[in-house]
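Source file: target10.txt; contents: compact mmCIF, C-alpha atoms.
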```txt
# COMPACT_ATOMS: atom_id res chain seq x y z
CA MET V 218 -184.09 4.57 -71.00
CA PRO V 219 -182.66 1.19 -69.92
CA ASN V 220 -184.89 -1.82 -69.59
CA GLN V 221 -185.86 -2.62 -66.00
CA LEU V 222 -187.80 -5.83 -66.52
CA SER V 223 -188.37 -7.78 -63.32
CA ARG V 224 -187.70 -11.51 -63.16
CA CYS V 225 -190.35 -14.03 -64.19
CA PHE V 226 -189.19 -16.38 -61.44
CA PRO V 227 -186.85 -15.67 -58.51
CA LEU V 228 -183.36 -17.05 -58.27
CA PRO V 229 -183.20 -20.30 -56.28
CA LYS V 230 -182.31 -19.61 -52.65
CA ILE V 231 -181.89 -23.12 -51.23
CA ARG V 232 -178.78 -24.95 -52.40
CA GLN V 233 -178.46 -28.17 -50.45
CA ALA V 234 -175.86 -29.70 -52.77
CA GLU V 235 -173.14 -27.05 -52.59
CA GLN V 236 -170.63 -29.68 -51.47
CA PHE V 237 -170.47 -31.07 -55.02
CA THR V 238 -167.64 -29.69 -57.13
CA LEU V 239 -168.46 -29.22 -60.80
CA ALA V 240 -165.92 -29.56 -63.58
CA ASP V 241 -165.21 -26.38 -65.51
CA SER V 242 -167.56 -25.98 -68.45
CA ALA V 243 -165.76 -25.08 -71.68
CA ASN V 244 -168.97 -23.69 -73.17
CA GLY V 245 -169.69 -21.85 -69.93
CA LYS V 246 -166.34 -20.10 -70.23
CA ARG V 247 -167.20 -19.13 -73.81
CA ILE V 248 -170.45 -17.55 -72.62
CA GLU V 249 -168.58 -15.64 -69.92
CA GLN V 250 -166.11 -14.47 -72.58
CA TRP V 251 -169.05 -13.40 -74.76
CA ILE V 252 -170.40 -11.25 -71.91
CA ASN V 253 -166.99 -9.60 -71.49
CA LEU V 254 -166.51 -9.03 -75.23
CA TYR V 255 -169.95 -8.07 -76.50
CA ALA V 256 -172.46 -7.34 -73.74
CA GLN V 257 -171.51 -3.69 -73.33
CA ASP V 258 -172.00 -2.87 -77.02
CA VAL V 259 -175.69 -3.74 -77.35
CA ASN V 260 -176.68 -0.10 -77.85
CA ASN V 261 -174.53 -0.08 -80.99
CA TRP V 262 -176.66 -2.74 -82.65
CA GLU V 263 -179.13 -1.62 -85.31
CA PRO V 264 -182.15 0.10 -83.66
CA SER V 265 -184.57 -2.18 -85.51
CA GLU V 266 -182.70 -5.25 -84.18
CA GLN V 267 -182.80 -3.83 -80.66
CA HIS V 268 -186.55 -3.22 -80.97
CA ALA V 269 -187.24 -6.80 -82.11
CA LEU V 270 -185.02 -8.38 -79.46
CA ALA V 271 -186.60 -6.25 -76.73
CA HIS V 272 -189.85 -8.12 -77.50
CA LEU V 273 -188.28 -11.58 -77.78
CA ILE V 274 -185.69 -11.80 -75.00
CA PRO V 275 -188.31 -11.65 -72.19
CA LEU V 276 -189.79 -14.87 -73.61
CA LEU V 277 -186.37 -16.55 -73.61
CA LEU V 278 -185.48 -15.29 -70.14
CA CYS V 279 -188.65 -16.60 -68.56
CA GLY V 280 -187.78 -20.12 -69.73
CA GLU V 281 -184.23 -19.92 -68.39
CA GLN V 282 -185.45 -18.68 -65.01
CA SER V 283 -188.15 -21.34 -64.76
CA ALA V 284 -185.62 -24.06 -65.58
CA GLN V 285 -183.26 -22.91 -62.84
CA LEU V 286 -185.99 -23.35 -60.24
CA VAL V 287 -187.12 -26.74 -61.54
CA PHE V 288 -183.63 -28.22 -61.57
CA ASN V 289 -182.77 -26.66 -58.20
CA GLN V 290 -185.86 -28.18 -56.59
CA GLU V 291 -185.06 -31.63 -57.98
CA ILE V 292 -181.40 -31.34 -56.90
CA ASN V 293 -182.49 -30.53 -53.35
CA ARG V 294 -185.00 -33.40 -53.30
CA LEU V 295 -182.37 -35.93 -54.42
CA PHE V 296 -179.79 -34.54 -52.01
CA LEU V 297 -182.09 -34.85 -49.01
CA GLN V 298 -182.66 -38.54 -49.82
CA ASN V 299 -178.98 -38.99 -48.90
CA GLU V 300 -178.50 -41.95 -51.23
CA LYS V 301 -175.14 -42.69 -52.84
CA ASP V 302 -176.79 -43.68 -56.12
CA ASN V 303 -178.11 -40.14 -56.52
CA GLU V 304 -174.70 -38.46 -56.72
CA VAL V 305 -174.15 -38.85 -60.47
CA MET V 306 -177.59 -37.48 -61.28
CA ILE V 307 -177.20 -34.62 -58.79
CA LYS V 308 -174.00 -33.55 -60.55
CA SER V 309 -175.69 -33.73 -63.96
CA LEU V 310 -178.60 -31.62 -62.75
CA LEU V 311 -176.23 -29.14 -61.08
CA GLU V 312 -174.42 -28.68 -64.38
CA VAL V 313 -177.71 -27.94 -66.13
CA GLU V 314 -178.73 -25.46 -63.42
CA ALA V 315 -175.35 -23.71 -63.75
CA ASP V 316 -175.77 -23.50 -67.53
CA GLU V 317 -179.25 -21.99 -67.20
CA PHE V 318 -177.91 -19.42 -64.74
CA ARG V 319 -175.22 -18.36 -67.22
CA HIS V 320 -177.82 -18.06 -70.00
CA ASP V 321 -179.95 -15.96 -67.67
CA GLN V 322 -177.01 -13.68 -66.88
CA ALA V 323 -176.09 -13.20 -70.54
CA LEU V 324 -179.64 -12.48 -71.67
CA GLN V 325 -180.28 -10.15 -68.73
CA THR V 326 -177.12 -8.21 -69.61
CA VAL V 327 -178.42 -7.73 -73.16
CA LEU V 328 -181.97 -6.88 -72.11
CA LYS V 329 -180.89 -4.19 -69.66
CA GLN V 330 -179.40 -2.23 -72.54
CA LEU V 331 -182.30 -2.61 -74.93
CA PRO V 332 -184.96 0.11 -75.21
CA ASN V 333 -188.11 -0.04 -73.15
CA ILE V 334 -191.07 -1.24 -75.18
CA GLU V 335 -194.78 -0.85 -74.73
CA GLY V 336 -196.38 -4.04 -73.42
CA LYS V 337 -193.23 -5.60 -71.97
CA ARG V 338 -195.04 -6.53 -68.74
CA HIS V 339 -197.76 -8.25 -70.76
CA ILE V 340 -195.16 -10.29 -72.68
CA GLN V 341 -193.57 -11.36 -69.41
CA ARG V 342 -196.92 -12.27 -67.82
CA GLN V 343 -197.85 -14.43 -70.82
CA ALA V 344 -194.55 -16.29 -70.58
CA LYS V 345 -194.81 -16.69 -66.81
CA ARG V 346 -198.31 -18.15 -67.09
CA PHE V 347 -197.14 -20.62 -69.74
CA TYR V 348 -194.21 -21.95 -67.69
CA ALA V 349 -196.12 -21.99 -64.40
CA LYS V 350 -199.02 -23.89 -65.99
CA LEU V 351 -196.68 -26.36 -67.61
CA GLY V 352 -195.28 -27.50 -64.28
CA ARG V 353 -198.57 -27.63 -62.40
CA GLY V 354 -200.22 -30.85 -61.34
CA ASP V 355 -197.87 -33.38 -62.98
CA GLY V 356 -195.68 -36.02 -61.43
CA ARG V 357 -191.92 -35.71 -61.69
CA CYS V 358 -191.66 -38.14 -64.59
CA GLN V 359 -194.10 -36.22 -66.79
CA HIS V 360 -192.56 -32.92 -65.73
CA PHE V 361 -189.16 -33.97 -67.02
CA ILE V 362 -190.69 -35.25 -70.26
CA LYS V 363 -192.01 -31.73 -70.74
CA ILE V 364 -188.63 -30.22 -69.88
CA ALA V 365 -186.88 -32.45 -72.44
CA THR V 366 -189.46 -31.40 -75.02
CA LEU V 367 -189.07 -27.71 -74.20
CA ASP V 368 -185.30 -27.93 -74.40
CA SER V 369 -185.59 -29.59 -77.81
CA CYS V 370 -187.69 -26.63 -78.93
CA VAL V 371 -185.22 -24.13 -77.48
CA THR V 372 -182.32 -25.90 -79.17
CA GLN V 373 -184.03 -25.54 -82.55
CA LEU V 374 -185.00 -21.93 -81.80
CA MET V 375 -181.41 -21.02 -80.92
CA HIS V 376 -180.24 -22.67 -84.14
CA GLU V 377 -182.60 -20.45 -86.13
CA PHE V 378 -181.39 -17.31 -84.33
CA GLU V 379 -177.82 -18.39 -85.02
CA HIS V 380 -178.62 -18.56 -88.75
CA SER V 381 -181.06 -15.65 -88.90
CA LEU V 382 -180.96 -12.36 -90.81
CA LEU V 383 -178.76 -10.99 -88.05
CA GLY V 384 -175.87 -12.72 -89.80
CA PRO V 385 -173.48 -15.36 -88.43
CA LYS V 386 -171.07 -12.82 -86.95
CA HIS V 387 -173.69 -10.78 -85.09
CA PRO V 388 -173.03 -10.94 -81.33
CA PHE V 389 -176.56 -12.17 -80.54
CA ALA V 390 -176.29 -14.90 -83.18
CA LEU V 391 -173.01 -15.99 -81.59
CA LEU V 392 -174.63 -16.07 -78.14
CA CYS V 393 -177.52 -18.17 -79.43
CA GLY V 394 -175.05 -20.63 -80.93
CA LEU V 395 -173.43 -21.05 -77.51
CA ILE V 396 -176.78 -21.44 -75.74
CA LYS V 397 -177.80 -24.03 -78.36
CA LYS V 398 -174.87 -26.26 -77.41
CA ASP V 399 -175.91 -26.27 -73.77
CA GLU V 400 -179.59 -26.83 -74.51
CA ALA V 401 -178.82 -29.88 -76.65
CA LYS V 402 -177.03 -31.34 -73.64
CA HIS V 403 -180.01 -30.46 -71.42
CA VAL V 404 -182.32 -32.44 -73.69
CA TYR V 405 -180.17 -35.51 -73.10
CA VAL V 406 -180.08 -35.03 -69.31
CA ALA V 407 -183.82 -34.36 -68.95
CA LYS V 408 -184.77 -37.21 -71.29
CA HIS V 409 -182.65 -39.78 -69.51
CA TYR V 410 -183.79 -38.59 -66.10
CA ALA V 411 -187.43 -38.90 -67.21
CA GLN V 412 -186.68 -42.43 -68.42
CA ALA V 413 -185.09 -43.24 -65.08
CA LEU V 414 -188.35 -42.09 -63.48
CA GLY V 415 -190.33 -44.47 -65.71
CA ALA V 416 -191.05 -42.49 -68.89
CA THR V 417 -191.91 -44.54 -71.95
CA THR V 418 -191.77 -43.73 -75.67
CA ALA V 419 -195.56 -43.48 -75.71
CA MET V 420 -195.48 -40.95 -72.86
CA PHE V 421 -192.94 -38.83 -74.72
CA LYS V 422 -195.02 -38.86 -77.91
CA GLN V 423 -198.14 -37.90 -75.98
CA ASP V 424 -196.56 -34.82 -74.42
CA GLN V 425 -194.24 -33.68 -77.22
CA ARG V 426 -197.01 -32.44 -79.48
CA SER V 427 -199.06 -30.78 -76.73
CA VAL V 428 -196.05 -28.98 -75.21
CA SER V 429 -194.69 -27.83 -78.58
CA ASP V 430 -198.15 -26.63 -79.67
CA LEU V 431 -198.52 -24.55 -76.50
CA LEU V 432 -195.02 -23.11 -76.86
CA HIS V 433 -195.72 -22.29 -80.51
CA GLN V 434 -198.83 -20.38 -79.42
CA LEU V 435 -196.80 -18.39 -76.87
CA LEU V 436 -194.00 -17.51 -79.30
CA ALA V 437 -196.50 -16.67 -82.05
CA THR V 438 -197.72 -13.72 -79.96
CA GLN V 439 -194.45 -12.05 -81.09
CA ALA V 440 -194.41 -13.52 -84.60
CA GLU V 441 -193.80 -10.18 -86.32
CA HIS V 442 -190.53 -9.74 -84.41
CA PHE V 443 -189.38 -13.30 -85.12
CA ASP V 444 -190.25 -12.73 -88.79
CA PHE V 445 -188.30 -9.47 -88.86
CA LEU V 446 -185.16 -11.34 -87.77
CA GLY V 447 -185.80 -14.15 -90.24
CA VAL V 448 -186.77 -16.75 -87.62
CA ASP V 449 -189.55 -18.92 -89.07
CA LEU V 450 -191.59 -20.35 -86.21
CA ASN V 451 -193.62 -22.63 -88.47
CA LYS V 452 -190.42 -24.13 -89.87
CA ILE V 453 -189.09 -24.76 -86.36
CA PHE V 454 -192.16 -26.57 -85.12
CA ASN V 455 -192.74 -28.50 -88.36
CA THR V 456 -189.13 -29.73 -88.11
CA LEU V 457 -189.70 -30.83 -84.53
CA GLU V 458 -192.96 -32.60 -85.36
CA GLU V 459 -191.26 -34.56 -88.15
CA LYS V 460 -188.45 -35.49 -85.79
CA TRP V 461 -190.83 -36.81 -83.16
CA GLN V 462 -193.03 -38.91 -85.51
```

Could you render the structure from this file as structure tokens?
Amino acid sequence: MPNQLSRCFPLPKIRQAEQFTLADSANGKRIEQWINLYAQDVNNWEPSEQHALAHLIPLLLCGEQSAQLVFNQEINRLFLQNEKDNEVMIKSLLEVEADEFRHDQALQTVLKQLPNIEGKRHIQRQAKRFYAKLGRGDGRCQHFIKIATLDSCVTQLMHEFEHSLLGPKHPFALLCGLIKKDEAKHVYVAKHYAQALGATTAMFKQDQRSVSDLLHQLLATQAEHFDFLGVDLNKIFNTLEEKWQ
């Protein structure tokens, strides 16, 4: 039976900045090519791989969907200020939003073909609570510090999937390699936007550990499935902690 998982967060509906034309994304085209080449063959993957990914992809999707909303809201806020100086940043944020949408599409295409699993709603609710809590009550500067931190974590996570027991030629490993390239760019955009909003090195250090610890706790709820694919969560977060010291 195909997977009919509902969205963690709805697609953005308000798009004030549609007048901006974005340059074609080379990596975006690669992801679209991946969908055309591989997305219809998911049910041919090993059943044990399908079972593990059916537990893990809802966690990844929730983050992509949350990011789309956050960047869309900030794009609309900047656009409504109607200031010329905002145009470069609006375009950068639009590019990130477009990337997250493509990731969402690719992961949704995979998930729809994976088997239904017991507890999938619970996995989604845990992820939704994490991302909703993360964005609650903070100013914009601190929010984008957290986004830069999250994207750093996702970049490392995608790297581990790319080099997991799936093997380097496995379609999902290839997709994660493509997503990793985008997420590394998103770290740069979110970090520099946070700095433009007044973020300091001390502020980054304060939030990096707390955000990564909370994300580690969320992902660890599915540790057995990460372990099955050879993705070592402790290694990921130890690497990040060393990087941020």

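The residue that comes closest to V:Gln285, out of V:Leu435, V:Ala315, V:Ala413, V:Met306 and on the basis of all atoms listed in the file, is V:Ala315.
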
**Prompt:** Between atom CA of V:Glu377 and atom CA of V:Leu395, what is the distance, to one decimal in Å?
**Reply:**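 Straight-line distance from atom CA of V:Glu377 to atom CA of V:Leu395 works out to 12.6 Å.
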
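Counting all atoms listed in the file, the residue from V:Met375, V:Ile252, V:Leu457, V:Ile334 that sits nearest to V:Ser429 is V:Leu457.
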
**Message:** I'd like the interatomic distance between atom CA of V:Asn244 and atom CA of V:Leu391, to a tenth of an Å.
**Reply:**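 For atom CA of V:Asn244 relative to atom CA of V:Leu391, the distance reads 12.1 Å.
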
**Item:** d(atom CA of V:Asp444, atom CA of V:Ser381) in Å
**Value:**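 Calculated distance between atom CA of V:Asp444 and atom CA of V:Ser381 is 9.6 Å.
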
**Message:** For V:Gly352, find every residue with an atom within 10 Å (counting all atoms listed in the file), except residues of its own chain fewer than 5 positions away, and show them as number ranges by chain.
**Reply:** V: 283, 287, 347, 357, 359-361, 363-364

Kindly export the residues of the current selection with C-alpha atoms, as a PDB file, in the frame of the given file.
```pdb
ATOM      1  CA  SER V 283    -188.150 -21.340 -64.760  1.00  0.00           C
ATOM      2  CA  VAL V 287    -187.120 -26.740 -61.540  1.00  0.00           C
ATOM      3  CA  PHE V 347    -197.140 -20.620 -69.740  1.00  0.00           C
ATOM      4  CA  ARG V 357    -191.920 -35.710 -61.690  1.00  0.00           C
ATOM      5  CA  GLN V 359    -194.100 -36.220 -66.790  1.00  0.00           C
ATOM      6  CA  HIS V 360    -192.560 -32.920 -65.730  1.00  0.00           C
ATOM      7  CA  PHE V 361    -189.160 -33.970 -67.020  1.00  0.00           C
ATOM      8  CA  LYS V 363    -192.010 -31.730 -70.740  1.00  0.00           C
ATOM      9  CA  ILE V 364    -188.630 -30.220 -69.880  1.00  0.00           C
TER      10      ILE V 364
END
```

**Asked** Which is closest to V:Gln282 among V:His403, V:His320, V:His387, V:Lys337, if we use all atoms listed in the file?
**Response**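 Nearest to V:Gln282: V:His320.
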
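The closest residue to V:Leu436, picked from V:Ala284, V:Ala256, V:Ala407, V:Ala344 and counting all atoms listed in the file, is V:Ala344.
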
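Distances here use only C-alpha atoms; by that measure, the residue among V:Leu276, V:Lys422, V:Trp251, V:Pro229 closest to V:Gln341 is V:Leu276.
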
**Request:** Just the residues within 8 Å of V:Cys358, please, counting only C-alpha atoms, with nothing from its chain fewer than 5 positions along; format it as JSON, numbers by chain.
**Result:** {"V": [411, 412, 414, 415, 416]}

Selection to disk with C-alpha atoms, as a CSV table (one decimal), in the frame of the given file:
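The resulting file, result.csv, is reproduced below:
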```csv
chain,number,residue,atom,x,y,z
V,411,ALA,CA,-187.4,-38.9,-67.2
V,412,GLN,CA,-186.7,-42.4,-68.4
V,414,LEU,CA,-188.4,-42.1,-63.5
V,415,GLY,CA,-190.3,-44.5,-65.7
V,416,ALA,CA,-191.0,-42.5,-68.9
```

**Message:** Could you list, as a ChimeraX atom specification, every residue within 12 Å of V:Ser427, counting all atoms listed in the file and ignoring same-chain residues fewer than 4 positions away?
**Reply:** /V:351,362-363,366-367,420-423,431-434,454,458

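Among V:Asp399, V:Asp321, V:Glu335, V:Glu379, the residue with the shortest atom-to-atom distance to V:Leu277, counting only C-alpha atoms, is V:Asp321.
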